[in-house]
Every structure is written in C-alpha cells, then in structure tokens.
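Visitor: Got a structure for you, written out below as structure tokens; questions coming shortly.
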Amino acid sequence: MELRLCEAFCKELGVAFIAGRADVPLMSSELGIGLEEAGRNARYAFFDQAAASAECQHIATAHTRTDLVETVLLNMVRGTGLTGLAGIPERRENIIRPLLPFSRQQTHSYCTKLGLWTHDDPANEDLSFSRARVRHRVLPELKAINPRTEDAISRLAETAGEEDRFLNGMAAAALEQSEIALNGAMRFLTLDAEACFDEIKLSTLPDVLFKRAMRLAASALGGSLSFDQVLVIQKGVSAAEHGSVTAEGGEVAVEWNGEHLTVRQVKPTSPFRFPVTMPGETSSDEFGWQFTAFVSQDFSDSVSRASLETVFDKAKVSGPLYFRTAQPGDQMRPMGFDGRRKLSDLLSEAKLTQAARARLPVVCDLVGPIWAPGVCLDERVRPTKDTESAIVISFSALSDPPEN
C-alpha cells in the first residue's frame, strides 16, 4: 500500500518513480548480520542501482538532525571514537543529506503545513530494534534532563567531526612522510593493494596519531581494524617485534618486522591471459596499467634490459603477442646473457613484491615469455642493426601518456 501511495505522490509531483524489493531477513541470515544492518545495505544497494538507471549524479536521503542524534547515541553505546561521535556526514561520495540541519519534528511539521504526503515506517515503533528503543525510551529521558538535547548532541557531533577530520589529515601526513615506495618504476602495479612504511618513524608518533594512521592505512585498502587489533600493532611496533594481524573480514593484513610495517590485501590475484592489441593500446582497468604497441621501421636497436619501453625484432617473434601471469617454470634468456634463467629469480632480483609479481603482465609469443616489463627482455627477440621491422611496445600506468 505504501509503495502505491508513494508512486501516486511522485506522479502528482511529476517526479520519476523507481521501486525495488529485497528479502532483508534472508540477507540478514546469509550474511550473519542484524536486520537493521541488512536493511541498510539493501537500501543503499538499491539507491546505487536506481541512480545509475536514472543517470543521477547524487543520491539525497532524508536523514534529519534527530537521526544524527540517535546514531551518535547508538555509536556511543557500541563503543566509538571521534568518527562515530560525528554521526552521519552531510556528504559521503555521491550521497548528500540536505535535511540534517532540521529535526524530525520540524521536517514533519513542514510537510504537514504544505500538505505533502509522509510515511512512517512501522519498524520505527518496534522496540526490538535498537534505534527504536533509543528513539522512544532514551531520547525522551535525556530531553527531560535537557529539553535542548538534540541541539547539544548535534553540536557535539559537529565538534567531533571537525577534530576527526583534522586528526585524519595529520595521520595521513605522517603516513606519507614515513612511506617507503615499493616496486620502483612500477609502483603503480600495487598502489591499491599494498603499502610499506618506515616502522621507526611510525613508532615516534603520538599514540593517538599512530592508532589513527593504522586505521587509515587499513581502510585505504578496504580493511577495518578493531580497537584491540590497533593496540596489538602498537605494542608490537613499540617493542620492535615481528608480528601480524588480519583486519576484520580477512581482506587486509598488517605485518611488521622491526624495520618495515606493511599493509596489504590478502586476496590473491587471479591468473590472467589476454592478447596484445597491435597496433593500439591494451589496458587493465582492474590493475591500472596499459600496453601501447605498434610496428615501426624507424626505431633504435639500443634497448635497455630493465626499461618500461622496449623493441622486438618483428621477424623473430613467433605468432601473435599475448600477455599473461608469470607461471612456475617460466624461463628467459636475459638480453646479453648466454644461459637461461628462471623468471621467478629475475622478478625477485628486480625487488618486486609478491603482489607485484602476481600482477605483472609477461609478454609472450608462441614460444614463450619474451618480455617482463621493467625486468628482462629475452635475447631471442632482441633487435640488431640488421633488423628491418620492429615492434615497439611500452608499459605504463593507465593515466600516463604513452611514450612514442
């Protein structure tokens, strides 16, 4: 019934209407989360789908100041820091909340005055839900102590938000100053998958910044550290011990050894194999890199073994080019050498991390690997002064312009 009323109201206003359904109890059971969290996840998933189908750039929700106050109180009961005390942000990515400055009562009164249809979710009266208990039991008691409770908690949230953003900025700066670049010129291979920091520099930070820096670093890679996990990391770094913790959800790990502290994604990279576009660009949106390849008669036969741009003698290439993940048993004859070597040893000597090795595309022909970008060119396809036609190929970050 409510759906039909909402649809009729949108039609009256000339506003597009999109509906969706979700089995929230089933989601709650399968994901092992509460009904409130499952409902929230379902709503935002639907919002994203509806925004995409309607080509909307923003999603506006009707959260009010009262919702913010209830959220702050719930966060306090569950245990929170400044981020939780800040409550509901006015903006998060493409989500905006224009009604946050106003209370629920003010919003309802405004709609009533203008004759606008409103709907109260029956779940808001169900005291089995935590938010309903806060709304109907806790807030009335607080308002009996201070009638301006909502204003007071709203100010607390605003102050907490300001301080939270300030400390986040300081923690981010501390991480930047202590970061150790990985994988040399191919740092772009794993920017979204791992980060390494000077543990000694991190250990000099005030406790509040160290803890926040750890949470920020894990969050940047999609992980969430608990209060206890951050304490374990802090204790281990202070004692210059070896150790590791895996963030909640099992997707991000933090490791330290007395010198370096590494934050990395645990999820392994799936093997891949794709053809090289010739001529043209072959890109990976997932990993953020691209190949640019073309045939040329105007080239230099002076190539560097470990460059991100190289040249193959076209006549020495067997069949079409493709790229794939490095495989156990792969061997290459490095340019300028007589013997063959394991590709795994060459990748290790290039000081690439395990994550970078898994993501590095190895260019092959029908015979086998001929180029590991930034690592090795196979002597078999090396151009000489007698080469008449060559394949020029470069490897770069997706945002970088190709080098011609």
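Each chain of the structure tokens is named A, B, ... in the order shown, its residues numbered from 1; ligands are numbered from 1 in display order.
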I'd like the contact shell of Pro373 of chain A - 10 Å cut-off, only C-alpha atoms, skipping same-chain residues fewer than 5 positions apart - returned as number ranges by chain.
Guide: A: 186, 291, 305-310, 360-363, 393-396
Visitor: Selection from above, all heavy atoms, as a tab-separated table (two decimals), in the first residue's frame, can you write it?
Guide:
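That gives us again.tsv:
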```tsv
chain	number	residue	atom	x	y	z
A	186	MET	N	57.65	0.68	-11.24
A	186	MET	CA	56.34	0.03	-11.42
A	186	MET	C	55.52	0.08	-10.13
A	186	MET	O	54.73	-0.82	-9.84
A	186	MET	CB	56.53	-1.40	-11.91
A	186	MET	CG	57.06	-1.46	-13.33
A	186	MET	SD	57.07	-3.12	-14.03
A	186	MET	CE	58.40	-3.86	-13.08
A	291	PHE	N	49.39	-1.31	-22.05
A	291	PHE	CA	50.42	-1.52	-23.07
A	291	PHE	C	50.09	-0.63	-24.26
A	291	PHE	O	48.92	-0.45	-24.61
A	291	PHE	CB	50.43	-2.97	-23.56
A	291	PHE	CG	51.10	-3.95	-22.65
A	291	PHE	CD1	50.38	-4.98	-22.07
A	291	PHE	CD2	52.45	-3.86	-22.40
A	291	PHE	CE1	51.00	-5.90	-21.25
A	291	PHE	CE2	53.09	-4.77	-21.57
A	291	PHE	CZ	52.35	-5.79	-20.99
A	305	ARG	N	67.70	-3.40	-20.79
A	305	ARG	CA	67.15	-4.67	-20.31
A	305	ARG	C	65.96	-4.44	-19.37
A	305	ARG	O	64.99	-5.17	-19.43
A	305	ARG	CB	68.25	-5.45	-19.59
A	305	ARG	CG	67.74	-6.67	-18.85
A	305	ARG	CD	68.85	-7.35	-18.07
A	305	ARG	NE	68.30	-8.35	-17.15
A	305	ARG	CZ	69.03	-9.03	-16.28
A	305	ARG	NH1	70.34	-8.82	-16.21
A	305	ARG	NH2	68.47	-9.91	-15.48
A	306	ALA	N	66.03	-3.43	-18.52
A	306	ALA	CA	65.02	-3.24	-17.48
A	306	ALA	C	64.13	-2.04	-17.72
A	306	ALA	O	63.58	-1.46	-16.80
A	306	ALA	CB	65.69	-3.14	-16.11
A	307	SER	N	63.95	-1.65	-18.97
A	307	SER	CA	63.14	-0.47	-19.28
A	307	SER	C	61.65	-0.83	-19.32
A	307	SER	O	61.27	-1.99	-19.42
A	307	SER	CB	63.56	0.10	-20.64
A	307	SER	OG	62.72	1.15	-21.02
A	308	LEU	N	60.81	0.22	-19.23
A	308	LEU	CA	59.38	0.03	-19.39
A	308	LEU	C	58.95	0.23	-20.84
A	308	LEU	O	57.77	0.18	-21.16
A	308	LEU	CB	58.60	0.99	-18.48
A	308	LEU	CG	58.75	0.76	-16.98
A	308	LEU	CD1	57.85	1.71	-16.20
A	308	LEU	CD2	58.44	-0.69	-16.61
A	309	GLU	N	59.92	0.46	-21.72
A	309	GLU	CA	59.67	0.51	-23.16
A	309	GLU	C	60.75	-0.29	-23.85
A	309	GLU	O	61.93	-0.20	-23.50
A	309	GLU	CB	59.67	1.94	-23.67
A	309	GLU	CG	59.40	2.03	-25.18
A	309	GLU	CD	59.27	3.45	-25.68
A	309	GLU	OE1	59.17	4.35	-24.84
A	309	GLU	OE2	59.29	3.64	-26.91
A	310	THR	N	60.36	-1.12	-24.80
A	310	THR	CA	61.35	-1.96	-25.46
A	310	THR	C	60.99	-2.16	-26.92
A	310	THR	O	59.95	-1.68	-27.40
A	310	THR	CB	61.49	-3.31	-24.74
A	310	THR	OG1	62.67	-3.98	-25.18
A	310	THR	CG2	60.27	-4.19	-25.00
A	360	LEU	N	52.15	-8.43	-12.52
A	360	LEU	CA	52.96	-8.03	-13.67
A	360	LEU	C	52.59	-8.85	-14.90
A	360	LEU	O	52.66	-10.08	-14.89
A	360	LEU	CB	54.44	-8.23	-13.37
A	360	LEU	CG	55.40	-7.81	-14.49
A	360	LEU	CD1	55.39	-6.29	-14.65
A	360	LEU	CD2	56.80	-8.33	-14.23
A	361	PRO	N	52.19	-8.21	-16.00
A	361	PRO	CA	51.89	-8.95	-17.22
A	361	PRO	C	53.17	-9.29	-17.98
A	361	PRO	O	54.00	-8.42	-18.25
A	361	PRO	CB	51.03	-7.96	-18.02
A	361	PRO	CG	51.49	-6.61	-17.56
A	361	PRO	CD	51.91	-6.76	-16.13
A	362	VAL	N	53.35	-10.55	-18.28
A	362	VAL	CA	54.52	-11.02	-19.01
A	362	VAL	C	54.13	-11.20	-20.47
A	362	VAL	O	53.20	-11.95	-20.78
A	362	VAL	CB	55.05	-12.34	-18.42
A	362	VAL	CG1	56.27	-12.83	-19.22
A	362	VAL	CG2	55.40	-12.17	-16.95
A	363	VAL	N	54.83	-10.50	-21.37
A	363	VAL	CA	54.51	-10.59	-22.80
A	363	VAL	C	55.15	-11.86	-23.38
A	363	VAL	O	56.33	-12.14	-23.15
A	363	VAL	CB	55.02	-9.35	-23.56
A	363	VAL	CG1	54.72	-9.46	-25.05
A	363	VAL	CG2	54.37	-8.09	-22.99
A	393	ILE	N	56.98	-1.46	-28.02
A	393	ILE	CA	55.94	-1.67	-27.01
A	393	ILE	C	56.35	-1.00	-25.70
A	393	ILE	O	57.52	-1.05	-25.30
A	393	ILE	CB	55.66	-3.18	-26.81
A	393	ILE	CG1	54.52	-3.40	-25.81
A	393	ILE	CG2	56.92	-3.91	-26.38
A	393	ILE	CD1	54.01	-4.84	-25.79
A	394	SER	N	55.39	-0.35	-25.05
A	394	SER	CA	55.66	0.31	-23.78
A	394	SER	C	54.62	-0.11	-22.75
A	394	SER	O	53.50	-0.49	-23.09
A	394	SER	CB	55.65	1.83	-23.93
A	394	SER	OG	54.37	2.29	-24.33
A	395	PHE	N	55.01	-0.03	-21.49
A	395	PHE	CA	54.16	-0.40	-20.36
A	395	PHE	C	54.13	0.77	-19.39
A	395	PHE	O	55.18	1.32	-19.03
A	395	PHE	CB	54.73	-1.64	-19.69
A	395	PHE	CG	53.94	-2.15	-18.52
A	395	PHE	CD1	52.66	-2.63	-18.68
A	395	PHE	CD2	54.49	-2.16	-17.24
A	395	PHE	CE1	51.93	-3.11	-17.61
A	395	PHE	CE2	53.78	-2.64	-16.16
A	395	PHE	CZ	52.49	-3.12	-16.34
A	396	SER	N	52.95	1.19	-18.98
A	396	SER	CA	52.85	2.37	-18.13
A	396	SER	C	51.58	2.33	-17.30
A	396	SER	O	50.70	1.51	-17.51
A	396	SER	CB	52.87	3.64	-18.98
A	396	SER	OG	51.73	3.68	-19.82
```
Visitor: Identify, on the basis of only C-alpha atoms, every residue whose closest approach to segment 292-300 of chain A does not exceed 9 Å; exclude the query and any residue fewer than 4 positions from it along the same chain; express the result as a ChimeraX atom specification.
Guide: /A:276-283,311,314,383,385,387-396,402-404
Visitor: Output C-alpha atoms for every residue in that selection, as a compact mmCIF listing (two decimals), in the first residue's frame.
Guide:
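Final file, selection-v7.txt:
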```txt
# COMPACT_ATOMS: atom_id res chain seq x y z
CA VAL A 276 48.14 -7.61 -27.06
CA THR A 277 46.36 -5.16 -29.36
CA MET A 278 48.57 -4.46 -32.37
CA PRO A 279 48.69 -1.62 -33.17
CA GLY A 280 46.99 0.18 -30.31
CA GLU A 281 46.51 0.13 -26.56
CA THR A 282 45.71 -2.77 -24.27
CA SER A 283 44.64 -1.63 -20.81
CA VAL A 311 61.71 -3.13 -29.06
CA LYS A 314 59.41 -8.47 -35.63
CA PRO A 383 66.81 -6.16 -32.35
CA LYS A 385 71.48 -3.39 -36.82
CA THR A 387 66.54 -5.65 -38.06
CA GLU A 388 64.25 -4.26 -40.76
CA SER A 389 60.97 -4.03 -38.88
CA ALA A 390 60.36 -3.88 -35.16
CA ILE A 391 57.54 -3.99 -32.66
CA VAL A 392 57.79 -1.06 -30.27
CA ILE A 393 55.94 -1.67 -27.01
CA SER A 394 55.66 0.31 -23.78
CA PHE A 395 54.16 -0.40 -20.36
CA SER A 396 52.85 2.37 -18.13
CA PRO A 402 52.16 6.55 -23.98
CA GLU A 403 55.76 7.18 -24.97
CA ASN A 404 56.30 7.27 -28.72
```
Visitor: Give the answer as one residue: which of A:Arg324, A:Lys211, A:Arg340, A:Arg264 has the shortest atom-to-atom distance to Leu182 of chain A, using only C-alpha atoms?
Guide: A:Arg264
Visitor: From the options A:Gly184, A:Gly39, A:Pro334, A:Pro122, which residue's atoms come nearest to Asp23 of chain A, counting only C-alpha atoms?
Guide: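 For Asp23 of chain A, the nearest of the given residues is A:Gly39.
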Visitor: So how far away is atom CA of Leu82 of chain A from atom CA of Tyr44 of chain A, in Å?
Guide: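 A separation of 24.0 Å between them.
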Visitor: Show which residues sit within 12 Å of Leu352 of chain A, as a PDB file with C-alpha atoms, in the first residue's frame. Count only C-alpha atoms, and ignore same-chain residues fewer than 3 positions away.
Guide:
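What landed in part.pdb:
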```
ATOM      1  CA  ALA A 181      57.993   3.239  -2.172  1.00  0.00           C
ATOM      2  CA  LEU A 182      57.637  -0.310  -3.443  1.00  0.00           C
ATOM      3  CA  ASN A 183      58.439  -1.827  -6.850  1.00  0.00           C
ATOM      4  CA  GLY A 184      60.475   1.091  -8.211  1.00  0.00           C
ATOM      5  CA  ALA A 185      59.239   2.497 -11.513  1.00  0.00           C
ATOM      6  CA  MET A 186      56.345   0.030 -11.419  1.00  0.00           C
ATOM      7  CA  ARG A 187      54.938   1.320  -8.146  1.00  0.00           C
ATOM      8  CA  PHE A 188      51.630   1.788  -9.921  1.00  0.00           C
ATOM      9  CA  LEU A 189      51.223  -2.010 -10.096  1.00  0.00           C
ATOM     10  CA  THR A 190      50.106  -2.320  -6.469  1.00  0.00           C
ATOM     11  CA  SER A 344      60.880 -16.116 -10.737  1.00  0.00           C
ATOM     12  CA  ASP A 345      64.536 -15.411  -9.871  1.00  0.00           C
ATOM     13  CA  LEU A 346      64.634 -12.434 -12.227  1.00  0.00           C
ATOM     14  CA  LEU A 347      61.473 -10.974 -10.640  1.00  0.00           C
ATOM     15  CA  SER A 348      62.974 -11.449  -7.191  1.00  0.00           C
ATOM     16  CA  GLU A 349      66.212  -9.737  -8.195  1.00  0.00           C
ATOM     17  CA  ALA A 355      51.735  -8.737  -5.105  1.00  0.00           C
ATOM     18  CA  ALA A 356      53.591  -7.001  -7.945  1.00  0.00           C
ATOM     19  CA  ARG A 357      54.865 -10.299  -9.336  1.00  0.00           C
ATOM     20  CA  ALA A 358      51.326 -11.646  -9.401  1.00  0.00           C
ATOM     21  CA  ARG A 359      50.063  -8.565 -11.239  1.00  0.00           C
ATOM     22  CA  LEU A 360      52.955  -8.028 -13.670  1.00  0.00           C
ATOM     23  CA  ALA A 372      58.826  -8.898 -18.409  1.00  0.00           C
ATOM     24  CA  PRO A 373      58.380  -5.097 -18.273  1.00  0.00           C
ATOM     25  CA  GLY A 374      60.959  -3.365 -16.128  1.00  0.00           C
ATOM     26  CA  VAL A 375      62.733  -6.686 -15.555  1.00  0.00           C
TER      27      VAL A 375
END
```
Visitor: Mind the document's chain letters and residue numbers, and return as a ChimeraX atom specification the residues of segment 204-340 of chain A that DSSP labels strand (DSSP E).
Guide: /A:243-246,252-256,260-265,273-275,280-284,289-296,309-313,322-324,331-332
Visitor: So which residues touch His108 of chain A within 12 Å, counting only C-alpha atoms, skipping near sequence neighbours fewer than 3 positions away, as a list in words?
Guide: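 Everything that qualifies: Ala62, Thr64, Thr66, Leu99, Phe102, Ser103, Arg104, Gln105, Cys111, Thr112, Lys113, Leu114, Gly115, Leu116, Trp117, Thr118, His119 and Asp120 of chain A.
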Visitor: Once you have the residues from the selection above, write them out as a compact mmCIF listing (two decimals), in the first residue's frame, restricted to all heavy atoms.
Guide:
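Final output, saved to result-v1.txt:
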```txt
# COMPACT_ATOMS: atom_id res chain seq x y z
N ALA A 62 16.81 11.39 3.34
CA ALA A 62 16.00 12.27 4.19
C ALA A 62 16.42 12.23 5.66
O ALA A 62 15.62 12.52 6.54
CB ALA A 62 14.53 11.90 4.06
N THR A 64 17.49 13.32 9.15
CA THR A 64 17.35 14.59 9.86
C THR A 64 18.34 14.69 11.01
O THR A 64 19.08 13.73 11.29
CB THR A 64 15.92 14.71 10.42
OG1 THR A 64 15.74 13.69 11.43
CG2 THR A 64 14.87 14.55 9.33
N THR A 66 17.57 14.61 14.04
CA THR A 66 17.17 13.61 15.01
C THR A 66 17.80 12.26 14.70
O THR A 66 18.25 11.54 15.60
CB THR A 66 15.63 13.47 15.04
OG1 THR A 66 15.04 14.77 15.17
CG2 THR A 66 15.19 12.60 16.20
N LEU A 99 18.66 17.44 4.73
CA LEU A 99 17.76 17.72 5.85
C LEU A 99 18.44 17.60 7.21
O LEU A 99 17.78 17.75 8.24
CB LEU A 99 16.55 16.77 5.80
CG LEU A 99 15.66 16.87 4.55
CD1 LEU A 99 14.48 15.92 4.67
CD2 LEU A 99 15.18 18.30 4.35
N PHE A 102 17.80 20.00 10.22
CA PHE A 102 16.46 20.11 10.77
C PHE A 102 16.08 18.85 11.55
O PHE A 102 16.47 17.74 11.18
CB PHE A 102 15.44 20.35 9.64
CG PHE A 102 15.83 21.45 8.71
CD1 PHE A 102 16.36 21.17 7.45
CD2 PHE A 102 15.71 22.78 9.09
CE1 PHE A 102 16.74 22.18 6.59
CE2 PHE A 102 16.09 23.80 8.24
CZ PHE A 102 16.61 23.50 6.98
N SER A 103 15.28 19.04 12.60
CA SER A 103 14.83 17.90 13.39
C SER A 103 13.74 17.13 12.65
O SER A 103 13.15 17.63 11.68
CB SER A 103 14.29 18.38 14.74
OG SER A 103 13.06 19.07 14.56
N ARG A 104 13.44 15.93 13.15
CA ARG A 104 12.38 15.15 12.54
C ARG A 104 11.03 15.87 12.68
O ARG A 104 10.22 15.88 11.75
CB ARG A 104 12.32 13.77 13.18
CG ARG A 104 11.25 12.86 12.56
CD ARG A 104 11.24 11.48 13.20
NE ARG A 104 12.51 10.79 12.97
CZ ARG A 104 13.30 10.36 13.95
NH1 ARG A 104 12.97 10.58 15.22
NH2 ARG A 104 14.43 9.73 13.67
N GLN A 105 10.81 16.49 13.85
CA GLN A 105 9.56 17.19 14.09
C GLN A 105 9.42 18.39 13.15
O GLN A 105 8.34 18.63 12.59
CB GLN A 105 9.48 17.66 15.55
CG GLN A 105 8.18 18.36 15.91
CD GLN A 105 6.97 17.48 15.66
OE1 GLN A 105 6.94 16.31 16.04
NE2 GLN A 105 5.94 18.04 15.01
N CYS A 111 6.08 19.39 6.19
CA CYS A 111 5.33 18.62 5.20
C CYS A 111 3.83 18.74 5.47
O CYS A 111 3.02 18.87 4.53
CB CYS A 111 5.75 17.15 5.25
SG CYS A 111 7.43 16.85 4.67
N THR A 112 3.44 18.69 6.74
CA THR A 112 2.02 18.79 7.10
C THR A 112 1.45 20.15 6.69
O THR A 112 0.34 20.24 6.15
CB THR A 112 1.83 18.58 8.61
OG1 THR A 112 2.33 17.29 8.97
CG2 THR A 112 0.36 18.69 9.00
N LYS A 113 2.23 21.19 6.94
CA LYS A 113 1.78 22.55 6.61
C LYS A 113 1.54 22.70 5.11
O LYS A 113 0.59 23.38 4.68
CB LYS A 113 2.83 23.55 7.08
CG LYS A 113 2.45 25.01 6.82
CD LYS A 113 3.54 25.94 7.35
CE LYS A 113 3.18 27.40 7.07
NZ LYS A 113 4.22 28.33 7.60
N LEU A 114 2.38 22.06 4.29
CA LEU A 114 2.25 22.19 2.84
C LEU A 114 1.39 21.09 2.23
O LEU A 114 1.22 21.03 1.01
CB LEU A 114 3.63 22.18 2.19
CG LEU A 114 4.56 23.35 2.53
CD1 LEU A 114 5.86 23.23 1.75
CD2 LEU A 114 3.88 24.68 2.22
N GLY A 115 0.88 20.22 3.06
CA GLY A 115 0.03 19.15 2.55
C GLY A 115 0.78 18.08 1.80
O GLY A 115 0.22 17.44 0.90
N LEU A 116 2.03 17.87 2.15
CA LEU A 116 2.85 16.85 1.47
C LEU A 116 2.68 15.50 2.16
O LEU A 116 2.66 15.41 3.39
CB LEU A 116 4.33 17.27 1.50
CG LEU A 116 4.67 18.60 0.82
CD1 LEU A 116 6.14 18.93 1.02
CD2 LEU A 116 4.34 18.53 -0.66
N TRP A 117 2.56 14.46 1.37
CA TRP A 117 2.38 13.11 1.91
C TRP A 117 3.65 12.65 2.62
O TRP A 117 4.77 12.86 2.15
CB TRP A 117 2.06 12.15 0.76
CG TRP A 117 2.00 10.71 1.20
CD1 TRP A 117 1.00 10.10 1.89
CD2 TRP A 117 3.00 9.70 0.98
NE1 TRP A 117 1.29 8.78 2.12
CE2 TRP A 117 2.53 8.51 1.57
CE3 TRP A 117 4.25 9.71 0.36
CZ2 TRP A 117 3.25 7.32 1.54
CZ3 TRP A 117 4.96 8.53 0.32
CH2 TRP A 117 4.47 7.35 0.91
N THR A 118 3.50 12.03 3.78
CA THR A 118 4.62 11.46 4.53
C THR A 118 4.27 10.04 4.93
O THR A 118 3.10 9.65 4.97
CB THR A 118 4.94 12.27 5.80
OG1 THR A 118 3.80 12.23 6.68
CG2 THR A 118 5.28 13.72 5.47
N HIS A 119 5.30 9.26 5.21
CA HIS A 119 5.09 7.87 5.61
C HIS A 119 6.02 7.54 6.77
O HIS A 119 7.21 7.81 6.73
CB HIS A 119 5.37 6.92 4.45
CG HIS A 119 5.42 5.48 4.87
ND1 HIS A 119 4.32 4.81 5.35
CD2 HIS A 119 6.45 4.58 4.89
CE1 HIS A 119 4.65 3.56 5.64
NE2 HIS A 119 5.94 3.41 5.37
N ASP A 120 5.46 6.95 7.82
CA ASP A 120 6.25 6.49 8.97
C ASP A 120 6.37 4.97 8.90
O ASP A 120 5.37 4.25 8.89
CB ASP A 120 5.57 6.89 10.28
CG ASP A 120 5.60 8.39 10.51
OD1 ASP A 120 6.63 9.00 10.17
OD2 ASP A 120 4.60 8.94 11.01
```
Visitor: If you measure from atom CA of Gly20 of chain A to atom CA of Phe46 of chain A, what distance in Å do you get, rounded to one decimal?
Guide: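 Rounded to one decimal, the two atoms are 6.8 Å apart.
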Visitor: What is the atom CA of Gly32 of chain A-atom CA of Ala132 of chain A distance in Å, reported with one decimal?
Guide: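 Going from atom CA of Gly32 of chain A over to atom CA of Ala132 of chain A, I get 21.2 Å.
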Visitor: Need to verify the contact set: segment 124-130 of chain A, 9 Å, only C-alpha atoms, exclusion of same-chain residues closer than 5 positions in sequence. Can you return it as number ranges by chain?
Guide: A: 35-36, 74, 135-136
